[in-house]
Structures are given as C-alpha cells and as structure tokens.
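Structure file entry.txt with compact mmCIF, C-alpha atoms:
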```txt
# COMPACT_ATOMS: atom_id res chain seq x y z
CA MET A 1 -1.18 26.73 -8.92
CA PHE A 2 1.13 29.13 -7.19
CA SER A 3 1.62 30.39 -3.64
CA SER A 4 3.30 33.35 -2.00
CA PHE A 5 4.94 33.95 1.35
CA GLN A 6 5.16 37.29 3.12
CA THR A 7 6.29 38.47 6.51
CA VAL A 8 7.57 41.59 8.28
CA GLU A 9 10.48 43.48 6.77
CA ARG A 10 12.90 43.27 9.70
CA VAL A 11 13.19 41.35 12.98
CA VAL A 12 15.72 42.37 15.63
CA TYR A 13 15.96 39.99 18.57
CA GLY A 14 17.89 39.23 21.75
CA ARG A 15 17.91 39.98 25.44
CA GLY A 16 17.84 43.73 26.04
CA VAL A 17 17.15 44.61 22.40
CA ALA A 18 14.37 47.01 23.44
CA ALA A 19 17.16 49.51 24.07
CA LYS A 20 17.70 49.63 20.30
CA LEU A 21 14.24 51.06 19.60
CA GLY A 22 15.53 54.60 19.06
CA ASP A 23 18.03 53.40 16.48
CA GLU A 24 15.30 51.55 14.58
CA VAL A 25 13.07 54.63 14.53
CA LEU A 26 15.90 56.76 13.14
CA ARG A 27 16.66 54.09 10.54
CA LEU A 28 13.10 54.55 9.28
CA GLY A 29 13.61 58.31 9.10
CA CYS A 30 10.95 59.23 11.67
CA ARG A 31 11.14 61.89 14.37
CA THR A 32 7.68 61.89 15.99
CA VAL A 33 6.38 58.57 17.29
CA ALA A 34 3.68 57.33 19.65
CA VAL A 35 4.02 54.30 21.89
CA ILE A 36 0.64 52.50 21.99
CA THR A 37 0.17 50.33 25.08
CA ASP A 38 -2.14 49.79 28.05
CA LYS A 39 -2.29 51.19 31.55
CA GLY A 40 -1.19 47.92 33.14
CA LEU A 41 2.13 47.87 31.31
CA VAL A 42 2.69 51.55 32.05
CA GLY A 43 1.93 50.92 35.72
CA ALA A 44 4.53 48.15 35.70
CA GLY A 45 7.07 50.46 34.07
CA ILE A 46 7.69 48.12 31.13
CA HIS A 47 7.57 51.07 28.74
CA THR A 48 10.37 52.92 30.55
CA PRO A 49 13.40 51.54 28.66
CA LEU A 50 11.64 52.17 25.37
CA MET A 51 10.89 55.80 26.18
CA ALA A 52 14.50 56.22 27.36
CA SER A 53 15.80 54.77 24.09
CA LEU A 54 13.63 57.12 22.06
CA LYS A 55 14.70 60.12 24.11
CA GLY A 56 18.35 59.14 23.75
CA ALA A 57 17.94 59.04 19.98
CA GLY A 58 16.45 62.52 19.93
CA VAL A 59 13.03 61.27 18.93
CA ASP A 60 9.90 63.13 19.99
CA ALA A 61 8.05 60.31 21.78
CA LEU A 62 4.43 60.42 22.93
CA LEU A 63 2.70 57.83 25.09
CA TYR A 64 -0.83 56.55 24.50
CA ASP A 65 -1.83 54.14 27.27
CA GLN A 66 -5.50 53.67 26.37
CA ALA A 67 -5.24 50.36 24.49
CA GLU A 68 -8.02 48.05 25.65
CA LEU A 69 -7.84 44.37 26.57
CA ASP A 70 -10.61 43.62 24.08
CA PRO A 71 -10.24 46.47 21.59
CA THR A 72 -13.39 47.66 19.84
CA PRO A 73 -13.82 49.74 16.69
CA ALA A 74 -14.71 52.70 18.93
CA SER A 75 -11.44 52.41 20.86
CA ILE A 76 -9.49 52.33 17.59
CA GLU A 77 -11.30 55.34 16.18
CA LYS A 78 -10.50 57.24 19.37
CA ALA A 79 -6.80 56.30 19.18
CA ALA A 80 -6.57 57.17 15.48
CA ALA A 81 -8.07 60.62 16.11
CA TRP A 82 -5.44 61.19 18.83
CA VAL A 83 -2.65 60.10 16.48
CA ARG A 84 -3.82 62.44 13.72
CA GLN A 85 -4.20 65.32 16.17
CA ASN A 86 -0.62 64.88 17.36
CA LYS A 87 0.83 64.56 13.84
CA VAL A 88 2.54 61.27 14.64
CA GLU A 89 4.70 59.67 11.92
CA LEU A 90 5.12 56.14 13.31
CA LEU A 91 3.44 53.93 15.90
CA VAL A 92 5.27 51.68 18.35
CA GLY A 93 3.06 48.90 19.69
CA LEU A 94 4.02 47.46 23.08
CA GLY A 95 2.16 44.67 24.84
CA GLY A 96 0.23 41.48 24.27
CA GLY A 97 -1.99 40.69 21.32
CA SER A 98 -4.63 43.28 22.17
CA ALA A 99 -2.15 46.17 22.30
CA LEU A 100 -0.43 45.03 19.11
CA ASP A 101 -3.72 44.54 17.27
CA SER A 102 -4.82 47.96 18.51
CA THR A 103 -1.62 49.46 17.11
CA LYS A 104 -2.09 47.88 13.68
CA ALA A 105 -5.75 48.91 13.51
CA THR A 106 -4.86 52.44 14.64
CA ALA A 107 -2.18 52.62 11.94
CA LEU A 108 -4.93 51.77 9.46
CA LEU A 109 -7.49 54.35 10.60
CA ALA A 110 -4.82 57.01 11.07
CA VAL A 111 -4.56 57.30 7.28
CA HIS A 112 -7.76 55.70 5.95
CA GLU A 113 -11.35 56.82 6.36
CA GLY A 114 -13.50 54.89 8.84
CA PRO A 115 -15.52 53.23 10.11
CA MET A 116 -13.29 50.35 11.15
CA SER A 117 -15.94 47.80 10.26
CA ARG A 118 -15.51 48.48 6.53
CA TYR A 119 -12.13 46.74 6.74
CA PHE A 120 -13.28 43.53 8.46
CA GLY A 121 -12.33 40.56 6.31
CA LEU A 122 -9.60 39.82 3.79
CA HIS A 123 -7.66 42.42 1.82
CA LYS A 124 -10.03 45.35 2.10
CA VAL A 125 -7.36 47.95 2.99
CA PRO A 126 -6.69 49.96 -0.21
CA SER A 127 -3.13 51.18 0.39
CA ALA A 128 -0.32 51.63 2.91
CA CYS A 129 -1.02 52.33 6.57
CA MET A 130 1.05 54.35 9.03
CA PRO A 131 4.33 52.46 9.66
CA THR A 132 4.64 50.43 12.86
CA ILE A 133 7.29 48.89 15.09
CA LEU A 134 5.84 46.08 17.20
CA ILE A 135 7.26 44.82 20.49
CA PRO A 136 5.51 41.88 22.22
CA THR A 137 5.51 41.41 25.98
CA THR A 138 3.98 37.93 25.82
CA ALA A 139 5.04 34.79 23.97
CA GLY A 140 1.66 33.99 22.54
CA THR A 141 -0.38 35.73 19.88
CA GLY A 142 2.38 36.20 17.32
CA SER A 143 0.53 39.41 16.43
CA GLU A 144 3.83 41.21 15.97
CA MET A 145 4.50 39.03 12.91
CA THR A 146 1.05 38.93 11.34
CA SER A 147 -1.03 40.95 8.92
CA ASN A 148 -4.10 40.53 11.17
CA ALA A 149 -5.85 42.85 13.60
CA VAL A 150 -8.64 41.25 15.64
CA LEU A 151 -11.27 43.44 17.31
CA ASN A 152 -14.30 42.83 19.49
CA ASP A 153 -17.30 43.79 17.38
CA PRO A 154 -20.27 44.79 19.58
CA ILE A 155 -22.64 44.56 16.61
CA THR A 156 -22.11 40.83 16.10
CA ASP A 157 -20.97 40.21 19.71
CA SER A 158 -17.94 38.32 18.35
CA LYS A 159 -14.34 38.84 17.29
CA GLN A 160 -13.77 40.21 13.79
CA GLY A 161 -10.47 40.23 11.96
CA THR A 162 -8.97 42.64 9.46
CA VAL A 163 -6.35 40.95 7.27
CA SER A 164 -4.15 42.94 4.92
CA ASP A 165 -0.54 42.86 3.77
CA TYR A 166 -0.48 46.57 4.60
CA LEU A 167 -0.69 45.70 8.32
CA TYR A 168 2.73 44.05 8.48
CA ALA A 169 5.14 45.87 10.78
CA LYS A 170 8.19 47.65 9.44
CA VAL A 171 10.24 46.30 12.35
CA VAL A 172 9.68 43.76 15.12
CA LEU A 173 11.77 43.80 18.28
CA LEU A 174 11.82 40.52 20.24
CA ASP A 175 13.19 41.07 23.75
CA PRO A 176 12.73 38.08 26.10
CA GLU A 177 13.42 40.30 29.10
CA LEU A 178 10.10 42.08 28.52
CA THR A 179 8.25 38.78 29.12
CA ALA A 180 10.03 37.91 32.39
CA GLY A 181 7.33 39.32 34.69
CA LEU A 182 4.42 37.42 33.13
CA PRO A 183 2.66 35.32 35.83
CA PRO A 184 2.44 31.51 35.37
CA PHE A 185 -1.23 31.49 34.33
CA TYR A 186 -0.74 34.06 31.56
CA THR A 187 2.53 32.43 30.56
CA ALA A 188 0.53 29.20 30.11
CA ILE A 189 -2.43 30.54 28.15
CA THR A 190 -0.38 32.75 25.85
CA GLY A 191 1.99 29.87 25.18
CA LEU A 192 -0.89 27.53 24.41
CA ASP A 193 -2.30 30.15 22.04
CA ALA A 194 1.01 30.10 20.16
CA LEU A 195 0.93 26.31 20.05
CA VAL A 196 -2.59 26.38 18.61
CA HIS A 197 -1.36 28.75 15.90
CA CYS A 198 1.33 26.26 14.90
CA ILE A 199 -1.08 23.33 14.86
CA GLU A 200 -3.82 25.05 12.88
CA SER A 201 -1.42 26.56 10.36
CA TYR A 202 0.42 23.24 9.92
CA VAL A 203 -2.76 21.36 8.97
CA SER A 204 -4.30 24.25 7.01
CA LEU A 205 -5.47 23.70 3.46
CA HIS A 206 -3.26 26.68 2.61
CA ALA A 207 -0.11 25.24 4.17
CA THR A 208 3.06 25.26 2.05
CA PRO A 209 6.57 23.83 2.51
CA PHE A 210 7.59 27.26 3.80
CA THR A 211 4.88 27.44 6.47
CA ASP A 212 5.34 23.76 7.38
CA ALA A 213 9.01 24.38 8.14
CA LEU A 214 8.15 27.35 10.35
CA ASN A 215 5.32 25.61 12.17
CA LEU A 216 7.27 22.43 12.89
CA GLN A 217 10.15 24.44 14.34
CA ALA A 218 7.82 26.61 16.41
CA MET A 219 5.86 23.60 17.71
CA ARG A 220 9.07 21.98 18.94
CA MET A 221 10.33 25.19 20.56
CA ILE A 222 7.05 25.78 22.39
CA SER A 223 6.33 22.20 23.45
CA ASP A 224 9.91 21.78 24.72
CA ASN A 225 9.84 24.95 26.81
CA ILE A 226 6.31 25.82 27.95
CA ARG A 227 6.37 23.54 31.00
CA LYS A 228 9.81 24.84 31.98
CA VAL A 229 8.82 28.50 31.85
CA TYR A 230 5.49 27.82 33.59
CA ALA A 231 7.36 26.15 36.47
CA ASN A 232 10.10 28.77 36.60
CA GLY A 233 9.34 32.15 35.08
CA GLY A 234 12.92 33.23 35.66
CA ASN A 235 14.25 30.67 33.20
CA MET A 236 15.38 33.17 30.57
CA GLU A 237 16.56 30.57 28.11
CA ALA A 238 13.07 29.04 28.09
CA ARG A 239 11.51 32.53 27.87
CA GLU A 240 13.69 33.24 24.86
CA GLN A 241 12.70 30.03 23.09
CA MET A 242 9.00 30.67 23.80
CA LEU A 243 9.13 34.24 22.45
CA TYR A 244 10.93 33.23 19.28
CA GLY A 245 8.65 30.22 18.84
CA ALA A 246 5.55 32.40 19.11
CA ALA A 247 6.97 34.84 16.56
CA ILE A 248 7.87 32.04 14.15
CA SER A 249 4.34 30.66 14.48
CA GLY A 250 3.03 34.13 13.61
CA MET A 251 5.13 34.10 10.45
CA GLY A 252 3.48 30.79 9.54
CA PHE A 253 -0.20 31.36 10.26
CA SER A 254 -0.22 34.84 8.78
CA ASN A 255 0.33 33.08 5.45
CA THR A 256 -2.24 30.31 5.96
CA GLN A 257 -4.86 31.63 8.43
CA ASN A 258 -6.09 29.54 11.34
CA GLY A 259 -9.00 27.08 11.41
CA ILE A 260 -11.82 25.59 13.44
CA ILE A 261 -10.26 26.20 16.87
CA HIS A 262 -10.14 29.93 16.26
CA ALA A 263 -13.51 29.92 14.48
CA LEU A 264 -15.21 28.43 17.55
CA GLY A 265 -13.18 30.26 20.18
CA MET A 266 -13.70 33.64 18.58
CA SER A 267 -17.45 32.99 18.33
CA VAL A 268 -17.96 32.67 22.08
CA PRO A 269 -20.00 35.69 23.26
CA SER A 270 -17.70 38.49 24.31
CA GLU A 271 -19.76 39.11 27.46
CA HIS A 272 -17.85 36.24 29.10
CA HIS A 273 -14.56 38.16 28.84
CA ILE A 274 -12.52 34.98 28.54
CA PRO A 275 -8.86 35.68 27.62
CA HIS A 276 -8.18 34.77 24.02
CA GLY A 277 -5.37 32.32 24.80
CA LEU A 278 -7.50 30.51 27.36
CA MET A 279 -10.38 30.16 24.91
CA MET A 280 -8.03 28.79 22.23
CA ALA A 281 -6.65 26.24 24.69
CA VAL A 282 -10.13 25.08 25.73
CA CYS A 283 -11.26 24.72 22.10
CA ALA A 284 -8.05 23.01 20.95
CA PRO A 285 -8.87 19.40 21.95
CA MET A 286 -12.22 19.50 20.15
CA GLY A 287 -10.74 21.05 17.02
CA MET A 288 -7.83 18.61 16.96
CA SER A 289 -10.14 15.61 17.46
CA PHE A 290 -12.37 16.85 14.65
CA ASN A 291 -9.53 17.50 12.19
CA ALA A 292 -7.40 14.39 12.82
CA LEU A 293 -9.49 12.36 10.40
CA ALA A 294 -8.79 14.80 7.56
CA ALA A 295 -5.03 15.21 8.06
CA PRO A 296 -3.76 12.01 9.74
CA GLU A 297 -0.19 12.31 8.45
CA LYS A 298 0.25 15.72 9.98
CA PHE A 299 -1.58 14.96 13.21
CA ALA A 300 0.66 11.93 13.69
CA VAL A 301 3.63 14.29 13.56
CA ILE A 302 1.94 16.64 16.03
CA ALA A 303 1.37 13.70 18.40
CA GLU A 304 5.08 12.81 18.18
CA ILE A 305 6.03 16.39 19.07
CA LEU A 306 3.55 16.49 21.97
CA GLY A 307 4.79 13.12 23.23
CA SER A 308 1.42 11.38 23.05
CA ALA A 309 1.98 9.00 20.14
CA PRO A 310 1.79 5.36 21.33
CA ALA A 311 4.89 3.29 20.54
CA GLY A 312 4.38 1.10 17.50
CA ALA A 313 0.99 2.63 16.72
CA SER A 314 -0.34 3.14 13.21
CA MET A 315 -0.39 6.59 11.65
CA ARG A 316 -4.11 7.00 12.33
CA GLU A 317 -3.77 5.86 15.93
CA LYS A 318 -1.00 8.39 16.42
CA ALA A 319 -3.13 11.09 14.80
CA LYS A 320 -6.02 10.37 17.17
CA SER A 321 -3.67 10.72 20.15
CA ALA A 322 -2.64 14.29 19.28
CA ALA A 323 -5.62 15.82 21.10
CA ALA A 324 -4.76 13.77 24.20
CA GLY A 325 -1.25 15.17 24.05
CA PHE A 326 -2.65 18.69 24.13
CA VAL A 327 -4.91 17.77 27.06
CA ASN A 328 -1.90 16.38 28.96
CA LEU A 329 -0.18 19.70 28.44
CA MET A 330 -3.22 21.60 29.69
CA ASP A 331 -3.29 19.42 32.81
CA ASP A 332 0.38 20.16 33.53
CA LEU A 333 -0.30 23.89 33.15
CA GLY A 334 -3.37 23.89 35.39
CA ILE A 335 -5.86 24.68 32.62
CA LYS A 336 -9.28 23.05 32.98
CA GLN A 337 -11.01 21.43 30.02
CA GLY A 338 -14.62 21.97 29.04
CA LEU A 339 -16.56 25.08 28.08
CA SER A 340 -18.82 24.67 31.12
CA ASN A 341 -15.90 25.60 33.39
CA TYR A 342 -15.83 29.11 31.96
CA GLY A 343 -19.43 30.27 32.37
CA ILE A 344 -20.56 29.38 28.86
CA ARG A 345 -24.17 28.20 29.01
CA ARG A 346 -25.36 25.15 27.13
CA GLU A 347 -28.04 27.19 25.41
CA GLU A 348 -25.29 29.39 23.92
CA LEU A 349 -23.65 26.52 22.05
CA ARG A 350 -25.97 26.74 19.04
CA GLY A 351 -25.06 30.39 18.51
CA VAL A 352 -21.35 29.62 18.83
CA ALA A 353 -21.73 26.81 16.27
CA GLU A 354 -23.58 29.02 13.82
CA LEU A 355 -21.06 31.85 14.05
CA GLY A 356 -18.16 29.41 13.87
CA ALA A 357 -19.50 27.65 10.78
CA ALA A 358 -20.01 31.04 9.12
CA TYR A 359 -16.47 32.21 9.89
CA LYS A 360 -15.43 31.91 6.25
CA ARG A 361 -11.85 33.24 6.58
CA LEU A 362 -11.03 30.53 9.12
CA MET A 363 -13.22 27.62 8.04
CA ASP A 364 -12.04 27.94 4.43
CA SER A 365 -8.56 27.17 5.75
CA ASN A 366 -9.66 24.21 7.90
CA PRO A 367 -8.94 20.71 6.54
CA ARG A 368 -12.39 19.40 7.48
CA LYS A 369 -15.66 21.15 6.75
CA GLY A 370 -18.46 21.39 9.27
CA THR A 371 -21.99 22.73 9.29
CA ALA A 372 -23.50 24.46 12.30
CA ASP A 373 -25.22 21.18 13.21
CA VAL A 374 -21.92 19.29 13.15
CA LEU A 375 -20.11 21.96 15.17
CA GLU A 376 -22.92 22.08 17.74
CA LYS A 377 -22.52 18.33 18.35
CA LEU A 378 -18.77 18.84 18.71
CA LEU A 379 -19.29 21.61 21.25
CA GLU A 380 -21.74 19.43 23.18
CA GLN A 381 -19.22 16.60 23.26
CA PHE A 382 -16.56 18.83 24.87
CA TYR A 383 -18.93 20.91 27.01
```
How would this structure read if it were set down as structure tokens?
Amino acid sequence: MFSSFQTVERVVYGRGVAAKLGDEVLRLGCRTVAVITDKGLVGAGIHTPLMASLKGAGVDALLYDQAELDPTPASIEKAAAWVRQNKVELLVGLGGGSALDSTKATALLAVHEGPMSRYFGLHKVPSACMPTILIPTTAGTGSEMTSNAVLNDPITDSKQGTVSDYLYAKVVLLDPELTAGLPPFYTAITGLDALVHCIESYVSLHATPFTDALNLQAMRMISDNIRKVYANGGNMEAREQMLYGAAISGMGFSNTQNGIIHALGMSVPSEHHIPHGLMMAVCAPMGMSFNALAAPEKFAVIAEILGSAPAGASMREKAKSAAAGFVNLMDDLGIKQGLSNYGIRREELRGVAELGAAYKRLMDSNPRKGTADVLEKLLEQFY
C-alpha cells in the first residue's frame, strides 16, 4: 500500500496580509485578474483593500460580484462565460465556502468544455484549470485549501462535489482581519463546520499520519477558541487561531474526504436553504454516535479534546461521550439540536437516508458502513 499527500502550493498568512494580494498576482506573472465574490461582501466593502492592492501593483482588476450563496451549475456557466469574454488570466476568490467553491468551479469551466455536471465526482477534470488565489472571509469551510468544489444540483435536489487535484489554489491568503465582522451565529456555524471536517477526516478510512497530525492540531485550535470568538468577535487572537485551524482542517480532509455527517447533511433537500455549516453541526451528533463503535481509539481522543471524556472511564466509554461533547459545544453556541427544528419533515427522512447511503465519495471514507434503512433509523433517532 502507498498513500500521497497534496495541498496548495503557497500559503501567506497574518493580520493585514490581504494587502499583499497584488504582489502575489505579479509573482504568478499575471496582469488581468477577476475578483469573484458576492454582493454582500461588496456591500460591506470587504473587497476594497484587495482592489487597492491590485491597483497599486499595476494589475488590471475586474470585479464579479454574482457568486451565489448556493451556487448552481448555471451560475458557474454564467461566470465562466464572463471570464472568457473578459480574457481574464487569474481568478481571485473572496468570501465564504460558496464564493470560494464558485471560484474553483469557474476556473474549471473557464478552460474546459461544459456542462459542469460532467465533472461531478472524483478526478474527472482532464487537465489544469485557470489559476486561482483564494482568500476566505470565514473560519469554516476550509475551501481555500481543498481540491473540492460543491454545487447545488437542481437535477438531484442535493449537493454535488467536484474533486480534482487541478482545483488546488496557486496561493491562499489567510487574513484574520477579514473575518472580524462575522456575526456570532455565522461565527458559530462556520466554526462548527471546520470542527466537523477535523473529526470526519481524523476517523476516515483514508486517514494517514500526515492527516492525523493536521486534524489533531486543528481540532485543538478550534475547540480552544470557538467559544471565545463567539462571545467576543473582536478577539483577534481567537479569530486568528480559528482561521488557521479551519485552513489546517482543509489541508487534512482534502486528502481523506469527509464521511457520514457530510453525506447526510448534503442530502437534505436544498429547498430548505439551511446554511451548510448549520446542517453539518446538526448532523454531527448522529454521525459521531454512529461512528464511535468503529473507531473507539480515535473518538476517545476527540472526547478528550472536547472535554467530555469522563475521568477514569474506559476507552469505549470515552468514545461514546464524544458526541455529547459536541452537543455541549452546540448548546454554548446557541445551536439547537434535531432536524425537526429546521423545517425538515419526517416524511423527507427516507429520501435523505437513500441519498446519503448512495453518496459513494463520502461513505467510502466513513469508518462504519450503513444502508439506507440503517441511516433512516439514525435520522429518526435524532429527529
């Protein structure tokens, strides 16, 4: 057996590092770039220092603010047509996971023939995409560090992922100052999303010593700081630790894939418009409870990190307590448990279970297998 580990080529990080964007573009030898983001970030002026940096470097910078919260293949095809029309050489993605995924998918379709759906799945991209620089404004998805682009597929009414080594960014800029304005609720759900990434990657069947090291460090950084930054969004040291922790988790799970939590959460009908991080948080206790039996050594470690492991308990007792530790964290962050709290109807659970069980990319990574019948019972238990 052999394994491999891959990640982005270059990470530049620190408070105020967004001002270095122009230098990074010139280092890549590009002169015409497009900043891909959404209207909300533009309205808040978060793009302003980036555009100023590009202008100062003499770069011809265009702004595309049409990235959608739940990007669809149609939205990507529209963006890619705009990029080709304007003869752009490089894309700069700015925002949360949706904007960054939109940027990666646009970089794909800017140079490869559509439709986007032909690239859903693992390693279906034939060659290099347009180069990207990714700049997150949330400490959550880790999308800046991954080879994944997740889109909302109206045909299956579910989330579909494109995974390819060609989607890795050329450069990632991690600037904690760009996350300072995130409200407590979104700070909480994006942070919990990052924590789920660590947990699922750590217990993955594809985990390696390299990904374990990353995920353990990221879990500690996030669990030690998420309550602090939720209580005080101006705590820049905690913001910094959260942003770096989320990026490190992205480095890990991009090499392992996620598991049952993502398989179920991404199978919830898109008509509910539940934020991704919130859905991952709500599905986490059920996924952790389900998987603890299959990976007790690792779940015991997770319980220790989350502070839920009973003193003097056996390894299996500690492992069982990991889900309770996550629930305690949700309670402190004001996140309700149970799918019923988010408009999901009981009669929809069977469909979620069937889609989740069929989510091969994710369930093949999960340490415990489950049929649609098994997953439906799990969903009922945590409804």
List the neighbours of Pro184 (chain A) out to 8 Å using only C-alpha atoms; skip same-chain residues closer than 3 positions along the sequence, and give me the result as a short mmCIF file (atom, residue, chain, number, x, y, z; two decimals) with C-alpha atoms, in the frame of the given file.
```cif
data_model
loop_
_atom_site.label_atom_id
_atom_site.label_comp_id
_atom_site.auth_asym_id
_atom_site.auth_seq_id
_atom_site.Cartn_x
_atom_site.Cartn_y
_atom_site.Cartn_z
CA THR A 187 2.53 32.43 30.56
CA ALA A 188 0.53 29.20 30.11
CA VAL A 229 8.82 28.50 31.85
CA TYR A 230 5.49 27.82 33.59
CA ALA A 231 7.36 26.15 36.47
CA GLY A 233 9.34 32.15 35.08
#
```
Residues at most 7 Å from Met242 (chain A), counting only C-alpha atoms, excluding those fewer than 6 positions away in the same chain, as a list in words?
->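 Final neighbour list, sorted by chain and number: Ala139, Met221, Ile222, Asn225 and Ile226 of chain A.
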Which one is closest to Leu108 (chain A): A:Ala295, A:Ile274, A:Met51, A:Leu167? Count all atoms listed in the file.
->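 Nearest candidate to Leu108 (chain A) out of A:Ala295, A:Ile274, A:Met51, A:Leu167: A:Leu167.
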Selection near Arg316 (chain A), 9 Å with all atoms listed in the file, sequence-local residues under 2 positions removed, as an mmCIF file with C-alpha atoms, in the frame of the given file:
```cif
data_model
loop_
_atom_site.group_PDB
_atom_site.id
_atom_site.type_symbol
_atom_site.label_atom_id
_atom_site.label_comp_id
_atom_site.auth_asym_id
_atom_site.auth_seq_id
_atom_site.Cartn_x
_atom_site.Cartn_y
_atom_site.Cartn_z
ATOM 1 C CA ALA A 292 -7.400 14.390 12.820
ATOM 2 C CA LEU A 293 -9.490 12.360 10.400
ATOM 3 C CA PRO A 296 -3.760 12.010 9.740
ATOM 4 C CA GLU A 297 -0.190 12.310 8.450
ATOM 5 C CA PHE A 299 -1.580 14.960 13.210
ATOM 6 C CA ALA A 300 0.660 11.930 13.690
ATOM 7 C CA ALA A 313 0.990 2.630 16.720
ATOM 8 C CA SER A 314 -0.340 3.140 13.210
ATOM 9 C CA LYS A 318 -1.000 8.390 16.420
ATOM 10 C CA ALA A 319 -3.130 11.090 14.800
ATOM 11 C CA LYS A 320 -6.020 10.370 17.170
ATOM 12 C CA SER A 321 -3.670 10.720 20.150
#
```
What separation in Å, quoted to one decimal, exists between CA of Ala246 (chain A) and CA of Asp193 (chain A)?
-> 8.7 Å
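Take the candidates A:Asp331, A:Gly142, A:Leu379, A:Lys369 and check each one against Thr7 (chain A) using only C-alpha atoms; the shortest distance goes to A:Gly142.
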Top pick for closest residue to Val33 (chain A), considering A:Asp60, A:Asp70, A:Asp224, A:Glu9 and counting only C-alpha atoms |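 That would be A:Asp60, the residue with the smallest distance to Val33 (chain A).
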Nearest to Val301 (chain A), restricted to only C-alpha atoms and choosing among A:Asp364, A:Asp23, A:Glu376, A:Asp212, comes out as A:Asp212
What's around Ala180 (chain A) at 12 Å? Count only C-alpha atoms, leave out sequence neighbours fewer than 2 positions away in its own chain, and write the answer as a compact mmCIF listing (two decimals) with C-alpha atoms, in the frame of the given file.
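Result went into around-v6.txt, see below:
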```txt
# COMPACT_ATOMS: atom_id res chain seq x y z
CA ARG A 15 17.91 39.98 25.44
CA GLY A 16 17.84 43.73 26.04
CA ILE A 46 7.69 48.12 31.13
CA PRO A 136 5.51 41.88 22.22
CA THR A 137 5.51 41.41 25.98
CA THR A 138 3.98 37.93 25.82
CA ALA A 139 5.04 34.79 23.97
CA ASP A 175 13.19 41.07 23.75
CA PRO A 176 12.73 38.08 26.10
CA GLU A 177 13.42 40.30 29.10
CA LEU A 178 10.10 42.08 28.52
CA LEU A 182 4.42 37.42 33.13
CA PRO A 183 2.66 35.32 35.83
CA PRO A 184 2.44 31.51 35.37
CA TYR A 186 -0.74 34.06 31.56
CA THR A 187 2.53 32.43 30.56
CA VAL A 229 8.82 28.50 31.85
CA TYR A 230 5.49 27.82 33.59
CA ASN A 232 10.10 28.77 36.60
CA GLY A 233 9.34 32.15 35.08
CA GLY A 234 12.92 33.23 35.66
CA ASN A 235 14.25 30.67 33.20
CA MET A 236 15.38 33.17 30.57
CA GLU A 237 16.56 30.57 28.11
CA ALA A 238 13.07 29.04 28.09
CA ARG A 239 11.51 32.53 27.87
CA GLU A 240 13.69 33.24 24.86
CA MET A 242 9.00 30.67 23.80
CA LEU A 243 9.13 34.24 22.45
```
In Å, rounded to a single decimal, give me how far CA of Ala207 (chain A) is from CA of Gly97 (chain A).
->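 The value is 23.2 Å.
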Between A:Thr190, A:His112, A:Leu151, A:Gly252, which one has atoms that come closest to Thr208 (chain A), using only C-alpha atoms?
-> A:Gly252
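Using only C-alpha atoms, the smallest distance between any of A:Thr156, A:Thr146, A:Asn328, A:Ser53 and Pro285 (chain A) comes from A:Asn328.
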Would you be able to write out as a VMD selection string which residues have an atom within 12 Å of (-20.2, 18.5, 14.0) in the file's coordinates, counting only C-alpha atoms?
-> chain A and resid 260 264 286 to 287 289 to 291 349 to 350 353 to 354 356 to 357 368 to 382
Could you pull out every residue with an atom within 9 Å of (-18.2, 22.2, 27.2), file coordinates, counting only C-alpha atoms, and send them as an mmCIF file with C-alpha atoms, keeping the file's coordinate frame?
```cif
data_model
loop_
_atom_site.group_PDB
_atom_site.id
_atom_site.type_symbol
_atom_site.label_atom_id
_atom_site.label_comp_id
_atom_site.auth_asym_id
_atom_site.auth_seq_id
_atom_site.Cartn_x
_atom_site.Cartn_y
_atom_site.Cartn_z
ATOM 1 C CA VAL A 282 -10.130 25.080 25.730
ATOM 2 C CA CYS A 283 -11.260 24.720 22.100
ATOM 3 C CA GLN A 337 -11.010 21.430 30.020
ATOM 4 C CA GLY A 338 -14.620 21.970 29.040
ATOM 5 C CA LEU A 339 -16.560 25.080 28.080
ATOM 6 C CA SER A 340 -18.820 24.670 31.120
ATOM 7 C CA ASN A 341 -15.900 25.600 33.390
ATOM 8 C CA TYR A 342 -15.830 29.110 31.960
ATOM 9 C CA ILE A 344 -20.560 29.380 28.860
ATOM 10 C CA ARG A 345 -24.170 28.200 29.010
ATOM 11 C CA ARG A 346 -25.360 25.150 27.130
ATOM 12 C CA LEU A 349 -23.650 26.520 22.050
ATOM 13 C CA LEU A 379 -19.290 21.610 21.250
ATOM 14 C CA GLU A 380 -21.740 19.430 23.180
ATOM 15 C CA GLN A 381 -19.220 16.600 23.260
ATOM 16 C CA PHE A 382 -16.560 18.830 24.870
ATOM 17 C CA TYR A 383 -18.930 20.910 27.010
#
```
Between CA of Ala311 (chain A) and CA of Ile199 (chain A), distance in Å (one decimal) | 21.7 Å
Which centre and edge lengths in Å to one decimal define the box along x, y and z that fits every listed atom of region 321-324 of chain A plus 8 Å per side, as lines of an AutoDock Vina configuration file?
```
center_x = -4.1
center_y = 13.3
center_z = 21.7
size_x = 19.0
size_y = 21.1
size_z = 20.9
```
Near Gly22 (chain A), counting only C-alpha atoms, which residues have an atom at most 8 Å away, once you skip same-chain residues fewer than 4 positions from it, shown as a PyMOL selection string?
-> chain A and resi 26+50+53-57+59
Resulting file, chosen residues, C-alpha atoms, as a compact mmCIF listing (two decimals), in the coordinates of the input:
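Produced file selection27.txt, reproduced below:
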```txt
# COMPACT_ATOMS: atom_id res chain seq x y z
CA LEU A 26 15.90 56.76 13.14
CA LEU A 50 11.64 52.17 25.37
CA SER A 53 15.80 54.77 24.09
CA LEU A 54 13.63 57.12 22.06
CA LYS A 55 14.70 60.12 24.11
CA GLY A 56 18.35 59.14 23.75
CA ALA A 57 17.94 59.04 19.98
CA VAL A 59 13.03 61.27 18.93
```
Can region 106-114 of chain A be brought up to N, CA and C atoms and written out as a compact mmCIF listing (two decimals), in the frame of the given file?
```txt
# COMPACT_ATOMS: atom_id res chain seq x y z
N THR A 106 -5.01 50.98 14.56
CA THR A 106 -4.86 52.44 14.64
C THR A 106 -4.03 52.97 13.48
N ALA A 107 -3.00 52.23 13.10
CA ALA A 107 -2.18 52.62 11.94
C ALA A 107 -3.02 52.66 10.67
N LEU A 108 -4.02 51.80 10.61
CA LEU A 108 -4.93 51.77 9.46
C LEU A 108 -5.81 53.02 9.45
N LEU A 109 -6.52 53.23 10.57
CA LEU A 109 -7.49 54.35 10.60
C LEU A 109 -6.81 55.71 10.69
N ALA A 110 -5.52 55.73 11.02
CA ALA A 110 -4.82 57.01 11.07
C ALA A 110 -4.68 57.63 9.69
N VAL A 111 -4.74 56.78 8.65
CA VAL A 111 -4.56 57.30 7.28
C VAL A 111 -5.70 56.93 6.33
N HIS A 112 -6.63 56.09 6.79
CA HIS A 112 -7.76 55.70 5.95
C HIS A 112 -9.08 56.06 6.63
N GLU A 113 -10.05 56.41 5.83
CA GLU A 113 -11.35 56.82 6.36
C GLU A 113 -12.08 55.64 7.01
N GLY A 114 -12.73 55.91 8.16
CA GLY A 114 -13.50 54.89 8.84
C GLY A 114 -14.86 54.70 8.20
```
